[in-house]
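A.B. asks: Take a look at the following structure, please.
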Amino acid sequence: MLYRRFGRTELKMPVFSCGGMRYQYKWQDVPQWQIPRDNQDNLEATIRRAAELGIHHIETARGYGSSETQLGRILPTLKREQLIVQTKVSPNADPKEFQRDFEKSLRNLRLDYVDLLGIHGINNAELLNYSIRAGGCLEVAKKLQAQGKVRFIGFSTHAPTNIIIQTIDTNQFDYVNLHWYYINQVNWAAIEAANRLDMGVFIISPSDKGGMLYKPPQKLINLCTPLSPMVFNDLFCLSHPQVHTLSVGAAKPQDFDEHLKTLDLLNHASEVLQPILARLEAEAMITLGEDWVKTWHLNLPTVEETPGQVNIRAILWLRNLAIAYDMLEYAKMRYNMLGNASHWFPGNKADKVDKLDLRQCLNRSPHADKIKRVLAEAHQMLAGEAVQRLSQS
């Protein structure tokens with residue numbers, strides 16, 4: 001395993017973390033006796049495999065159902081001083097509820113403290129306010145820190161980049177969990193902001209939200225040769241020293257194996273990546289057109305600025321992936337979450353776009369004359385049954 005300094009925490013962080021949202025029994029809290037033996041055995045085998053590999057950062061959340069309870073059966077059997085344990089608790093208008101949730105996490109994990117506590121899902125201005133206002137969740141977290149129950153405090157986010165940077169710029173957090181990978185690099189400015197303040201940088205779900213790379217389309221496989229799409233994406237992320245660790249949402253012990261192929265490539269990442277990056281860019285230019293690839297994202301309105309709260313940027317981005325790289329299954333999965341995932345993936349689909357007047361919100365876009373038509377085409381391509389976030393299912 002390779003390690004990077006996790007910002008001001010000074011923790012020796014493995015470049016891969018063991019994320020805890022794929023191996024648990026249920027997305028709801030259940031008593032331990034209801035958890036099947038084979039599921040618990042698999043989880044424990046996965047944690048032991050992570051430890052054998054030097055992946056000593058175990059990351060979970062209060063919102064991950066039975067994950068914490070099940071980890072509570074295995075973590076106390078390992079050498080505590082060798083572990084970096086992180087849980088996350090959602091911000092709440094009632095800070096006492098935030099504290100109760102954290103105390104439940106600690107009981108479930110059967111630990112005296114966690115190394116990292118993340119405020120889970122600072123996704124908009126309201127949730128940021130819940131977190132940082134006087135007497136809010138951050139103040140509770142700092143009291144827990146003073147009591148020795150928490151070592152370092154961070155936040156996780158699915159927010160627009162400006163909200164992430166606003167949160168970082170409070171300089172109240174030691175680290176950030178955020179989305180950034182090859183197919184979605186929009187949060188790079190937030191990573192730079194975190195680096196300026198010496199915060200740890202943890203990348204959320206690079207293999208799932210980063211493109212369902214555990215079952216990539218053949219076209220993407222061909223474009224990423226000689227690497228698998230998963231290893232390409234890992235190497236792309238870790239070739240940036242500003243990134244400290246990538247979450248591996250392992251569902252079984254073998255799920256680490258493909259990621260490990262990245263480690264021997266890091267010393268010559270640029271020469272390995274360059275031809276693949278060139279092929280991916282060229283294919284996008286051929287299939288979508290050079291002008292569109294370079295300018296589609298310019299001056300698009302926010303969800304709040306758009307009639308019908310259509311998430312124009314997300315829809316155009318998903319359409320691009322489906323056309324350029326045959327990532328249709330991924331694009332459909334994400335598209336059909338719109339209107340159904342609240343602040344985790346905000347905005348609506350384009351199913352009613354023909355009834356909306358988008359002229360004013362698009363008046364600064366270089367593609368204002370065609371975006372409405374493109375949105376309608378994207379809906380035809382991607383529409384299907386509504387999809388829920390895993391934690392809602």
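Every chain in the structure tokens takes a letter, A first, then B, and so on in the order presented; its residues are numbered from 1, and the ligands are numbered from 1 following the presented order.
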As a PDB file with C-alpha atoms, in the first residue's frame, which residues of range 318-390 of chain A does DSSP assign to helix (DSSP H, G or I)?

C.D. replies:
ATOM      1  CA  LEU A 318     -25.022  12.456 -18.878  1.00  0.00           C
ATOM      2  CA  ARG A 319     -26.023  12.696 -22.525  1.00  0.00           C
ATOM      3  CA  ASN A 320     -22.399  13.430 -23.441  1.00  0.00           C
ATOM      4  CA  LEU A 321     -21.199  10.306 -21.604  1.00  0.00           C
ATOM      5  CA  ALA A 322     -23.849   8.117 -23.218  1.00  0.00           C
ATOM      6  CA  ILE A 323     -22.952   9.309 -26.726  1.00  0.00           C
ATOM      7  CA  ALA A 324     -19.167   9.594 -26.443  1.00  0.00           C
ATOM      8  CA  TYR A 325     -18.378   6.482 -24.393  1.00  0.00           C
ATOM      9  CA  LEU A 328     -25.809   4.541 -21.370  1.00  0.00           C
ATOM     10  CA  GLU A 329     -26.546   2.351 -18.344  1.00  0.00           C
ATOM     11  CA  TYR A 330     -24.720   4.743 -16.026  1.00  0.00           C
ATOM     12  CA  ALA A 331     -26.379   7.778 -17.621  1.00  0.00           C
ATOM     13  CA  LYS A 332     -29.847   6.215 -17.274  1.00  0.00           C
ATOM     14  CA  MET A 333     -29.251   5.314 -13.644  1.00  0.00           C
ATOM     15  CA  ARG A 334     -28.192   8.859 -12.750  1.00  0.00           C
ATOM     16  CA  TYR A 335     -30.799  10.577 -14.938  1.00  0.00           C
ATOM     17  CA  SER A 342     -33.525  15.635  -2.870  1.00  0.00           C
ATOM     18  CA  HIS A 343     -30.364  17.642  -2.181  1.00  0.00           C
ATOM     19  CA  TRP A 344     -28.089  14.660  -2.893  1.00  0.00           C
ATOM     20  CA  VAL A 353     -39.066  20.762 -21.184  1.00  0.00           C
ATOM     21  CA  ASP A 354     -41.333  21.437 -24.190  1.00  0.00           C
ATOM     22  CA  LYS A 355     -43.685  23.397 -21.907  1.00  0.00           C
ATOM     23  CA  ILE A 371     -30.179  23.255 -25.681  1.00  0.00           C
ATOM     24  CA  LYS A 372     -33.942  22.847 -25.355  1.00  0.00           C
ATOM     25  CA  ARG A 373     -33.952  20.406 -28.267  1.00  0.00           C
ATOM     26  CA  VAL A 374     -30.909  18.571 -26.890  1.00  0.00           C
ATOM     27  CA  LEU A 375     -32.624  18.223 -23.493  1.00  0.00           C
ATOM     28  CA  ALA A 376     -35.684  16.704 -25.142  1.00  0.00           C
ATOM     29  CA  GLU A 377     -33.469  14.251 -27.034  1.00  0.00           C
ATOM     30  CA  ALA A 378     -31.637  13.374 -23.820  1.00  0.00           C
ATOM     31  CA  HIS A 379     -34.932  12.594 -22.102  1.00  0.00           C
ATOM     32  CA  GLN A 380     -35.925  10.284 -24.959  1.00  0.00           C
ATOM     33  CA  MET A 381     -32.573   8.518 -24.657  1.00  0.00           C
ATOM     34  CA  LEU A 382     -32.357   8.235 -20.887  1.00  0.00           C
ATOM     35  CA  LEU A 390     -29.375   3.280  -2.150  1.00  0.00           C
TER      36      LEU A 390
END

A.B. asks: Distance table requested - range 136-230 of chain A against range 52-62 of chain A, cut-off 12 Å, only C-alpha atoms: one row per qualifying residue with the closest atom pair and its distance in Å to one decimal, ordered by chain and rising residue number, as a Markdown table.

C.D. replies:
| residue | atom | partner | partner_atom | distance |
| --- | --- | --- | --- | --- |
| A:Phe155 | CA | A:Ala61 | CA | 11.7 |
| A:Ser156 | CA | A:Ala61 | CA | 10.5 |
| A:Asn177 | CA | A:Glu59 | CA | 10.7 |
| A:Phe202 | CA | A:Glu59 | CA | 10.5 |
| A:Ile203 | CA | A:Glu59 | CA | 11.9 |
| A:Ile204 | CA | A:Glu59 | CA | 10.6 |
| A:Ser205 | CA | A:Glu59 | CA | 11.8 |

A.B. asks: Could you write out, as a VMD selection string, all the residues of range 85-150 of chain A that DSSP marks as strand (DSSP E)?

C.D. replies: chain A and resid 85 to 89 114 to 120 150

A.B. asks: Store the residues picked out above in a file with N, CA and C atoms, as a tab-separated table (two decimals), in the first residue's frame.

C.D. replies:
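Saved to selection_32.tsv:
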chain	number	residue	atom	x	y	z
A	85	VAL	N	-10.63	5.21	11.80
A	85	VAL	CA	-12.07	4.94	11.67
A	85	VAL	C	-12.80	6.27	11.46
A	86	GLN	N	-13.61	6.29	10.44
A	86	GLN	CA	-14.41	7.48	10.13
A	86	GLN	C	-15.89	7.12	10.08
A	87	THR	N	-16.71	7.91	10.77
A	87	THR	CA	-18.14	7.85	10.51
A	87	THR	C	-18.63	9.24	10.17
A	88	LYS	N	-19.86	9.31	9.69
A	88	LYS	CA	-20.44	10.57	9.24
A	88	LYS	C	-21.86	10.69	9.78
A	89	VAL	N	-22.23	11.88	10.19
A	89	VAL	CA	-23.56	12.14	10.74
A	89	VAL	C	-24.15	13.33	10.02
A	114	VAL	N	-13.79	8.01	17.48
A	114	VAL	CA	-13.52	7.86	16.05
A	114	VAL	C	-12.40	8.83	15.69
A	115	ASP	N	-11.59	8.45	14.73
A	115	ASP	CA	-10.51	9.32	14.29
A	115	ASP	C	-11.04	10.49	13.47
A	116	LEU	N	-12.05	10.21	12.66
A	116	LEU	CA	-12.61	11.22	11.76
A	116	LEU	C	-14.13	11.24	11.90
A	117	LEU	N	-14.69	12.41	12.19
A	117	LEU	CA	-16.14	12.60	12.16
A	117	LEU	C	-16.47	13.58	11.05
A	118	GLY	N	-17.28	13.13	10.10
A	118	GLY	CA	-17.70	14.00	9.01
A	118	GLY	C	-19.14	14.45	9.18
A	119	ILE	N	-19.39	15.75	9.01
A	119	ILE	CA	-20.76	16.22	8.88
A	119	ILE	C	-21.21	15.81	7.48
A	120	HIS	N	-22.22	14.97	7.43
A	120	HIS	CA	-22.53	14.17	6.24
A	120	HIS	C	-23.55	14.84	5.33
A	150	VAL	N	-13.74	12.33	19.36
A	150	VAL	CA	-13.47	12.60	17.95
A	150	VAL	C	-12.07	13.20	17.86

A.B. asks: Can you pull out every residue within 12 Å of Asp208 in chain A, counting only C-alpha atoms, but drop anything in the same chain fewer than 6 positions away, and send it as a PyMOL selection string?

C.D. replies: chain A and resi 19+21-22+179-181+183+214-216+229-230+233-234+246-250+329-331+333-334+390

A.B. asks: Rank nothing, just name the residue among A:Trp33, A:Phe102, A:Tyr25, A:Phe6 nearest to Ala141 in chain A, using only C-alpha atoms.

C.D. replies: A:Phe102

A.B. asks: Got a sec: who's within 7 Å of Gly339 in chain A, counting only C-alpha atoms, leaving out chain neighbours fewer than 6 positions off, as a PyMOL selection string?

C.D. replies: chain A and resi 346-349

A.B. asks: Contacts of Ile47 in chain A at 8 Å or less, counting only C-alpha atoms, minus same-chain residues fewer than 5 places along, as a PDB file with C-alpha atoms, in the first residue's frame?

C.D. replies:
ATOM      1  CA  CYS A  18     -12.393   0.925   2.723  1.00  0.00           C
ATOM      2  CA  ILE A  74     -14.990  -6.734  13.964  1.00  0.00           C
ATOM      3  CA  PRO A 253     -12.769  -9.215  -0.129  1.00  0.00           C
TER       4      PRO A 253
END

A.B. asks: Counting only C-alpha atoms, which residue out of A:Thr262, A:Gln309, A:Trp292, A:Tyr3 sits closest to Asp357 in chain A?

C.D. replies: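 Closest to Asp357 in chain A of all the choices is A:Gln309.
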